[in-house]
There are 2 protein chains.
Amino acid sequence: MKDVARLAGVSTMTVSRVVNGEAGVGPETAARVERAIRGLGYQRDAVARQLRRKGQLTQTIGLLVDNVADPFMAAFASAAEDVARQRGNVVLIGSSRDDLRREREVIAAFTSRRVDGMILIPVEGSHRFLLPSMATGTHVVCADRRAPGLDVDTVIVDNRDAVREAVGHLVAHGHRRIAFLGDRKEIWTLAERRTGYTEALAEAGIPLDPGLVRHGLRVASDAAAAVTGLLAAPDPPTAVLAGNDIVAVGVLETLPPAVAMIAFGDFVLADRISPPVTVVSQDPVAIGTTAAHLLFARIHGDTSPPRTVTLPTRLITRGSGELPARVGA
Amino acid sequence: MKDVARLAGVSTMTVSRVVNGEAGVGPETAARVERAIRGLGYQRDAVARQLRRKGQLTQTIGLLVDNVADPFMAAFASAAEDVARQRGNVVLIGSSRDDLRREREVIAAFTSRRVDGMILIPVEGSHRFLLPSMATGTHVVCADRRAPGLDVDTVIVDNRDAVREAVGHLVAHGHRRIAFLGDRKEIWTLAERRTGYTEALAEAGIPLDPGLVRHGLRVASDAAAAVTGLLAAPDPPTAVLAGNDIVAVGVLETLPPAVAMIAFGDFVLADRISPPVTVVSQDPVAIGTTAAHLLFARIHGDTSPPRTVTLPTRLITRGSGELPARVGA
DNA sequence: AAATCTGCTGGTAACGTTAACGAAATGAAG
DNA sequence: CTTCATTTCGTTAACGTTACCAGCAGATTT
């Protein structure tokens with residue numbers, strides 16, 4: 001900045017004013033300064049600026065997801081980043097990989113860099129360690145999953161109800177042997193979906209068979225193996241509910257076309273498989289956008305009580321969920 | 001900090017030393033300082049610290065992709081983030097959306113926050129604006145695409161050769177009317193692939209028909225419409241090469257099963273479509289990991305000449321690329 | 001006894017920016 | 001020709017931290 005000032009023949013104060021587009025600089029001077037800036041490739045130092053303007057925002061938010069490579073999270077992150085950018089913010093991103101210790105590390109890295117706030121897809125476990133940061137003004141919004149014991153804005157879908165509807169749909173098509181395949185049951189969404197499954201069975205008067213429920217399927221191949229196991233057992237399921245998109249892909253690897261299936265979460269090419277896959281679709285972009293808007297509202301002074309936004313899901317019938325139960329299989 | 005110093009009856013210098021765990025402080029003094037720190041709830045200000053310790057690392061890198069929601073970029077970003085985290089760094093992420101102005105904004109936001117370095121998937125256009133930052137020690141690595149005129153480490157695949165092989169594969173199966181569908185031809189990878197396509201045709205002695213080349217397909221529906229157009233024309237193609245994964249999905253929406261197809265970039269469920277899709281597979285995780293390793297090597301003092309790492313691709317034959325050309329279509 | 005060393009501590013000056021104030025130049029109004 | 005407002009610009013002093021050097025005991029060496 002001093003170099004720029006010298007080159008333009010002005011004081012650093014004038015340079016500062018030009019850089020920040022403040023009024024009160026002669027147009028001819030401003031032009032000279034801007035020329036010097038371009039000539040030297042000068043850039044304002046956000047760190048020093050931040051130091052001087054205490055109490056101002058860092059224009060940086062944190063975004064913690066489980067795994068960016070997951071299509072759902074990628075779309076979610078992309079949407080949140082879009083909103084942040086429109087507001088002139090940048091996004092620090094981190095993956096928890098479903099590991100509380102790792103999540104805590106990432107969050108510590110966020111807060112030590114003085115993020116104005118963060119959007120979390122929280123892993124299972126207590127998030128009380130966030131309270132000190134929140135007390136000092138770091139805002140937190142949860143998305144996709146609820147963080148028990150953390151009283152913050154939360155954007156979710158009604159996983160339980162959506163699964164209840166999906167299972168009901170299968171029951172209406174004559175199924176009574178319906179399997180549930182999911183990721184680790186400690187994950188909030190999966191627990192909710194599992195509960196919806198249980199409730200739907202109860203409503204239909206179908207006894208819950210624990211042998212039809214498989215949890216802890218982390219990657220597609222886990223799900224594929226689980227399907228093989230289920231079908232090899234006596235009295236195999238006539239329908240399968242895939243608890244998330246990753247499980248769905250694994251299921252599709254080995255599931256015979258005659259077995260009905262509904263997947264939680266839409267995915268590309270779901271309509272090109274045969275039979276086309278019926279899904280419970282949720283909108284990751286809407287979740288990300290909503291969460292970001294809530295966060296920025298908080299950052300800009302919203303102090304109303306934390307609220308939960310529940311976004312809609314939709315059962316998209318494409319064929320695989322409408323297959324009849326084979327009688328006497 | 002001054003409050004802490006006063007309460008403990010020492011200088012701020014001593015407080016600083018205690019906070020940073022430096023040697024050379026009497027144990028009794030240190031204990032008194034720590035008591036004062038806890039009593040006042042003092043926390044070191046990372047901003048001021050960063051300002052003072054010039055030339056130190058911020059342990060933050062920037063990651064600029066075209067669009068996080070793209071599966072290729074998501075996997076790439078996830079891999080790069082993994083490496084960064086192992087090294088105790090956090091990642092600032094930004095999307096360029098194939099817009100040079102936006103890219104420049106994001107990069108400016110990165111550098112103003114003093115990232116130690118950044119990994120770019122550069123958009124088309126001059127990146128000379130990066131030179132000043134690079135002169136002041138911000139390291140840059142390009143991935144997936146080359147940035148013309150920017151002499152930095154670059155991790156790519158041999159797009160041209162891979163496509164030449166793929167087109168040759170189609171020719172070997174009797175095709176002479178092969179269409180090329182791609183995103184904007186200004187994108188480096190697409191231009192390379194297009195060149196490979198042209199070269200392969202020349203090698204096979206097939207004249208290039210400009211009517212079989214469609215560019216600027218940004219979303220899946222663009223590609224679908226292009227396919228419809230191509231097939232409606234007289235003397236339609238008997239094979240299609242999809243320039244990237246997004247185009248591939250669009251092509252699959254409308255392409256009749258009898259028309260051969262090869263897609264650049266593998267995608268989930270490619271083997272569940274009928275016919276299963278033959279692809280040129282590249283490894284986004286390897287690209288991200290390699291780029292991150294190169295970047296950290298630079299950050300930690302590697303001053304060797306910039307190098308280009310070319311990672312392998314693989315033609316995965318699944319069926320759609322081995323369909324015969326219909327004689328006399 | 002003087003000199004040297006070692007361990008601990010404090011003073012001062014930055015880092016790059018901007019808030020607050022003040023000065024000079026210009027023009028308008030009395 | 002004052003007087004005052006306005007516009008444009010510069011000076012000074014911070015923001016909270018740490019690098020650098022100096023000081024000052026007490027221990028150890030010469």
# chains A, B, ... in the order shown; residues from 1 in each chain; ligands from 1
call {"tool": "calpha_fit_rmsd", "arguments": {"fixed": "chain A", "moving": "chain B"}}
result
2.2 Å
call {"tool": "interface_residues", "arguments": {"of": "chain A", "to": "chain D", "cutoff": "9 Å", "atoms": "only C-alpha atoms (C1' of nucleotides)", "output": "PyMOL selection string"}}
result
chain A and resi 10-14+24-26+48+50-54
call {"tool": "closest_atom_pairs", "arguments": {"of": "chain B", "to": "chain A", "cutoff": "9 Å", "atoms": "only C-alpha atoms", "output": "Markdown table"}}
result
| residue | atom | partner | partner_atom | distance |
| --- | --- | --- | --- | --- |
| B:Asp45 | CA | A:Ser112 | CA | 8.3 |
| B:Ala46 | CA | A:Ser112 | CA | 6.4 |
| B:Val47 | CA | A:Val47 | CA | 6.0 |
| B:Ala48 | CA | A:Leu51 | CA | 5.9 |
| B:Gln50 | CA | A:Val47 | CA | 7.2 |
| B:Leu51 | CA | A:Ala48 | CA | 6.0 |
| B:Gly62 | CA | A:Leu92 | CA | 8.9 |
| B:Asn67 | CA | A:Ser78 | CA | 7.1 |
| B:Val68 | CA | A:Ser78 | CA | 5.4 |
| B:Ala69 | CA | A:Ala75 | CA | 4.6 |
| B:Asp70 | CA | A:Ala74 | CA | 7.6 |
| B:Pro71 | CA | A:Pro71 | CA | 6.5 |
| B:Phe72 | CA | A:Ala69 | CA | 8.6 |
| B:Met73 | CA | A:Ala69 | CA | 8.3 |
| B:Ala74 | CA | A:Ala69 | CA | 4.8 |
| B:Ala75 | CA | A:Ala69 | CA | 4.6 |
| B:Phe76 | CA | A:Ala69 | CA | 7.9 |
| B:Ala77 | CA | A:Val68 | CA | 7.3 |
| B:Ser78 | CA | A:Val68 | CA | 5.4 |
| B:Ala79 | CA | A:Ala69 | CA | 8.4 |
| B:Glu81 | CA | A:Gly94 | CA | 7.1 |
| B:Asp82 | CA | A:Ser95 | CA | 8.0 |
| B:Arg85 | CA | A:Gly94 | CA | 8.3 |
| B:Gly88 | CA | A:Ala109 | CA | 8.9 |
| B:Asn89 | CA | A:Ala109 | CA | 8.3 |
| B:Val90 | CA | A:Ala109 | CA | 7.0 |
| B:Val91 | CA | A:Leu92 | CA | 5.6 |
| B:Leu92 | CA | A:Leu92 | CA | 4.3 |
| B:Ile93 | CA | A:Val91 | CA | 5.7 |
| B:Gly94 | CA | A:Val91 | CA | 7.1 |
| B:Ser95 | CA | A:Glu81 | CA | 7.8 |
| B:Val106 | CA | A:Val90 | CA | 7.7 |
| B:Ala108 | CA | A:Gln43 | CA | 8.0 |
| B:Ala109 | CA | A:Val90 | CA | 7.0 |
| B:Phe110 | CA | A:Val90 | CA | 8.1 |
| B:Thr111 | CA | A:Gln43 | CA | 8.3 |
| B:Ser112 | CA | A:Ala46 | CA | 5.2 |
| B:Arg113 | CA | A:Ala46 | CA | 5.6 |
| B:Arg114 | CA | A:Val47 | CA | 7.8 |
| B:Phe129 | CA | A:Gly41 | CA | 7.9 |
| B:Leu131 | CA | A:Gly41 | CA | 8.4 |
| B:Pro132 | CA | A:Gly41 | CA | 5.5 |
| B:Ser133 | CA | A:Gly41 | CA | 7.8 |
| B:Val249 | CA | A:Leu269 | CA | 7.1 |
| B:Leu252 | CA | A:Arg272 | CA | 7.9 |
| B:Glu253 | CA | A:Arg272 | CA | 7.6 |
| B:Val268 | CA | A:Val249 | CA | 7.7 |
| B:Leu269 | CA | A:Val249 | CA | 7.1 |
| B:Ala270 | CA | A:Leu269 | CA | 8.7 |
| B:Asp271 | CA | A:Glu253 | CA | 8.8 |
| B:Arg272 | CA | A:Ile273 | CA | 6.2 |
| B:Ile273 | CA | A:Ile273 | CA | 5.5 |
| B:Ser274 | CA | A:Ile273 | CA | 7.7 |
call {"tool": "interface_residues", "arguments": {"of": "chain C", "to": "chain B", "cutoff": "10 Å", "atoms": "only C-alpha atoms (C1' of nucleotides)", "output": "MDAnalysis selection string"}}
result
chainID C and resid 7:11 14:16
call {"tool": "write_last_selection", "arguments": {"atoms": "C-alpha atoms (C1' of nucleotides)", "output": "CSV table (one decimal), in the first residue's frame"}}
result
chain,number,residue,atom,x,y,z
C,7,DG,C1',17.5,-18.4,32.4
C,8,DC,C1',14.1,-15.3,32.8
C,9,DT,C1',11.7,-11.0,31.8
C,10,DG,C1',10.5,-6.4,29.8
C,11,DG,C1',10.7,-2.5,26.3
C,14,DA,C1',6.8,-3.1,13.9
C,15,DC,C1',2.9,-6.0,10.7
C,16,DG,C1',-1.0,-3.4,7.0
call {"tool": "select_by_dssp", "arguments": {"residues": "segment 36-136 of chain A", "states": "strand (DSSP E or B)", "output": "list in words"}}
result
Thr60, Ile61, Gly62, Leu63, Leu64, Val65, Val90, Val91, Leu92, Ile93, Gly94, Ser95, Gly117, Met118, Ile119 and Leu120 of chain A
call {"tool": "residues_around", "arguments": {"residues": "Leu230 of chain A", "least_positions_apart": "3", "cutoff": "12 Å", "atoms": "only C-alpha atoms (C1' of nucleotides)", "output": "PyMOL selection string"}}
result
chain A and resi 177-181+209-214+223-227+233-240+251+254-255+259
call {"tool": "residues_around", "arguments": {"residues": "Arg128 of chain A", "least_positions_apart": "6", "cutoff": "10 Å", "atoms": "only C-alpha atoms (C1' of nucleotides)", "output": "list of chain:residue names"}}
result
A:Ala147, A:Pro148, A:Gly149, A:Leu150
call {"tool": "select_by_dssp", "arguments": {"residues": "segment 46-280 of chain A", "states": "alpha helix (DSSP H)", "output": "PDB file with C-alpha atoms, in the first residue's frame"}}
result
ATOM      1  CA  ALA A  46      -7.854  -8.747   4.668  1.00  0.00           C
ATOM      2  CA  VAL A  47      -5.951  -9.736   7.789  1.00  0.00           C
ATOM      3  CA  ALA A  48      -4.735  -6.261   8.626  1.00  0.00           C
ATOM      4  CA  ARG A  49      -8.071  -4.805   7.652  1.00  0.00           C
ATOM      5  CA  GLN A  50      -9.806  -7.211   9.944  1.00  0.00           C
ATOM      6  CA  LEU A  51      -7.525  -6.288  12.777  1.00  0.00           C
ATOM      7  CA  ARG A  52      -8.140  -2.599  12.469  1.00  0.00           C
ATOM      8  CA  PRO A  71     -23.807 -36.280  -4.538  1.00  0.00           C
ATOM      9  CA  PHE A  72     -26.348 -35.087  -1.996  1.00  0.00           C
ATOM     10  CA  MET A  73     -23.742 -33.206   0.009  1.00  0.00           C
ATOM     11  CA  ALA A  74     -22.077 -31.872  -3.119  1.00  0.00           C
ATOM     12  CA  ALA A  75     -25.312 -30.342  -4.354  1.00  0.00           C
ATOM     13  CA  PHE A  76     -26.005 -29.040  -0.878  1.00  0.00           C
ATOM     14  CA  ALA A  77     -22.566 -27.492  -0.558  1.00  0.00           C
ATOM     15  CA  SER A  78     -22.752 -25.981  -3.992  1.00  0.00           C
ATOM     16  CA  ALA A  79     -26.028 -24.269  -3.176  1.00  0.00           C
ATOM     17  CA  ALA A  80     -24.758 -22.922   0.123  1.00  0.00           C
ATOM     18  CA  GLU A  81     -21.603 -21.658  -1.511  1.00  0.00           C
ATOM     19  CA  ASP A  82     -23.666 -19.881  -4.127  1.00  0.00           C
ATOM     20  CA  VAL A  83     -25.573 -17.953  -1.528  1.00  0.00           C
ATOM     21  CA  ALA A  84     -22.401 -17.134   0.359  1.00  0.00           C
ATOM     22  CA  ARG A  85     -20.764 -15.808  -2.752  1.00  0.00           C
ATOM     23  CA  GLN A  86     -23.728 -13.613  -3.569  1.00  0.00           C
ATOM     24  CA  LEU A 100     -16.855 -36.748  15.896  1.00  0.00           C
ATOM     25  CA  ARG A 101     -13.190 -36.133  16.638  1.00  0.00           C
ATOM     26  CA  ARG A 102     -12.522 -35.090  13.115  1.00  0.00           C
ATOM     27  CA  GLU A 103     -15.607 -32.895  13.138  1.00  0.00           C
ATOM     28  CA  ARG A 104     -14.361 -31.185  16.252  1.00  0.00           C
ATOM     29  CA  GLU A 105     -10.969 -30.567  14.686  1.00  0.00           C
ATOM     30  CA  VAL A 106     -12.513 -29.026  11.611  1.00  0.00           C
ATOM     31  CA  ILE A 107     -14.800 -26.822  13.669  1.00  0.00           C
ATOM     32  CA  ALA A 108     -11.872 -25.685  15.803  1.00  0.00           C
ATOM     33  CA  ALA A 109     -10.031 -24.765  12.625  1.00  0.00           C
ATOM     34  CA  PHE A 110     -13.089 -22.776  11.554  1.00  0.00           C
ATOM     35  CA  THR A 111     -13.502 -20.846  14.771  1.00  0.00           C
ATOM     36  CA  SER A 112      -9.808 -20.093  15.130  1.00  0.00           C
ATOM     37  CA  LEU A 131     -21.339 -23.432  23.141  1.00  0.00           C
ATOM     38  CA  PRO A 132     -18.313 -21.267  24.002  1.00  0.00           C
ATOM     39  CA  SER A 133     -17.842 -20.252  20.385  1.00  0.00           C
ATOM     40  CA  MET A 134     -21.514 -19.527  20.049  1.00  0.00           C
ATOM     41  CA  ALA A 135     -21.381 -17.390  23.151  1.00  0.00           C
ATOM     42  CA  ASN A 159     -37.535 -38.286   7.101  1.00  0.00           C
ATOM     43  CA  ARG A 160     -39.839 -40.306   9.290  1.00  0.00           C
ATOM     44  CA  ASP A 161     -43.007 -39.317   7.519  1.00  0.00           C
ATOM     45  CA  ALA A 162     -41.463 -39.708   4.086  1.00  0.00           C
ATOM     46  CA  VAL A 163     -40.376 -43.259   4.815  1.00  0.00           C
ATOM     47  CA  ARG A 164     -43.722 -44.059   6.366  1.00  0.00           C
ATOM     48  CA  GLU A 165     -45.355 -42.984   3.144  1.00  0.00           C
ATOM     49  CA  ALA A 166     -42.890 -44.996   1.057  1.00  0.00           C
ATOM     50  CA  VAL A 167     -43.399 -48.148   3.092  1.00  0.00           C
ATOM     51  CA  GLY A 168     -47.130 -47.596   2.973  1.00  0.00           C
ATOM     52  CA  HIS A 169     -46.825 -47.381  -0.787  1.00  0.00           C
ATOM     53  CA  LEU A 170     -45.127 -50.769  -0.863  1.00  0.00           C
ATOM     54  CA  VAL A 171     -47.717 -52.248   1.471  1.00  0.00           C
ATOM     55  CA  ALA A 172     -50.451 -50.939  -0.820  1.00  0.00           C
ATOM     56  CA  TRP A 188     -29.834 -38.927  12.775  1.00  0.00           C
ATOM     57  CA  THR A 189     -31.475 -39.189   9.368  1.00  0.00           C
ATOM     58  CA  LEU A 190     -31.085 -42.932   9.279  1.00  0.00           C
ATOM     59  CA  ALA A 191     -32.558 -43.327  12.739  1.00  0.00           C
ATOM     60  CA  GLU A 192     -35.540 -41.242  11.703  1.00  0.00           C
ATOM     61  CA  ARG A 193     -36.045 -43.251   8.545  1.00  0.00           C
ATOM     62  CA  ARG A 194     -35.776 -46.431  10.475  1.00  0.00           C
ATOM     63  CA  THR A 195     -38.430 -45.193  12.875  1.00  0.00           C
ATOM     64  CA  GLY A 196     -40.688 -44.329   9.968  1.00  0.00           C
ATOM     65  CA  TYR A 197     -40.216 -47.832   8.656  1.00  0.00           C
ATOM     66  CA  THR A 198     -41.150 -49.339  11.982  1.00  0.00           C
ATOM     67  CA  GLU A 199     -44.189 -47.124  12.353  1.00  0.00           C
ATOM     68  CA  ALA A 200     -45.444 -47.918   8.875  1.00  0.00           C
ATOM     69  CA  LEU A 201     -45.196 -51.617   9.508  1.00  0.00           C
ATOM     70  CA  ALA A 202     -47.059 -51.227  12.768  1.00  0.00           C
ATOM     71  CA  GLU A 203     -49.809 -49.251  11.057  1.00  0.00           C
ATOM     72  CA  ALA A 204     -50.172 -52.001   8.483  1.00  0.00           C
ATOM     73  CA  ALA A 220     -22.127 -49.543  -2.039  1.00  0.00           C
ATOM     74  CA  SER A 221     -20.503 -52.940  -1.803  1.00  0.00           C
ATOM     75  CA  ASP A 222     -21.723 -53.324   1.791  1.00  0.00           C
ATOM     76  CA  ALA A 223     -25.245 -52.830   0.537  1.00  0.00           C
ATOM     77  CA  ALA A 224     -24.734 -55.261  -2.315  1.00  0.00           C
ATOM     78  CA  ALA A 225     -23.529 -57.918   0.088  1.00  0.00           C
ATOM     79  CA  ALA A 226     -26.472 -57.271   2.392  1.00  0.00           C
ATOM     80  CA  VAL A 227     -28.904 -57.786  -0.476  1.00  0.00           C
ATOM     81  CA  THR A 228     -27.273 -61.067  -1.381  1.00  0.00           C
ATOM     82  CA  GLY A 229     -27.565 -62.178   2.208  1.00  0.00           C
ATOM     83  CA  LEU A 230     -31.211 -61.190   2.503  1.00  0.00           C
ATOM     84  CA  LEU A 231     -32.222 -62.949  -0.684  1.00  0.00           C
ATOM     85  CA  ALA A 232     -30.422 -66.137   0.263  1.00  0.00           C
ATOM     86  CA  ASP A 245     -28.409 -42.909  -2.295  1.00  0.00           C
ATOM     87  CA  ILE A 246     -25.188 -44.805  -1.688  1.00  0.00           C
ATOM     88  CA  VAL A 247     -27.016 -47.830  -0.383  1.00  0.00           C
ATOM     89  CA  ALA A 248     -29.344 -47.554  -3.363  1.00  0.00           C
ATOM     90  CA  VAL A 249     -26.491 -47.893  -5.819  1.00  0.00           C
ATOM     91  CA  GLY A 250     -25.225 -50.944  -3.991  1.00  0.00           C
ATOM     92  CA  VAL A 251     -28.645 -52.504  -3.887  1.00  0.00           C
ATOM     93  CA  LEU A 252     -29.055 -52.031  -7.616  1.00  0.00           C
ATOM     94  CA  GLU A 253     -25.893 -53.991  -8.232  1.00  0.00           C
ATOM     95  CA  THR A 254     -27.431 -57.231  -7.096  1.00  0.00           C
TER      96      THR A 254
END
call {"tool": "atom_distance", "arguments": {"atom1": "atom CA of Leu315 of chain B", "atom2": "atom CA of His175 of chain B"}}
result
17.3 Å
call {"tool": "atom_distance", "arguments": {"atom1": "atom CA of Gly288 of chain B", "atom2": "atom CA of Pro284 of chain A"}}
result
24.2 Å
call {"tool": "atom_distance", "arguments": {"atom1": "atom CA of Ala286 of chain A", "atom2": "atom CA of Ala143 of chain A"}}
result
10.7 Å
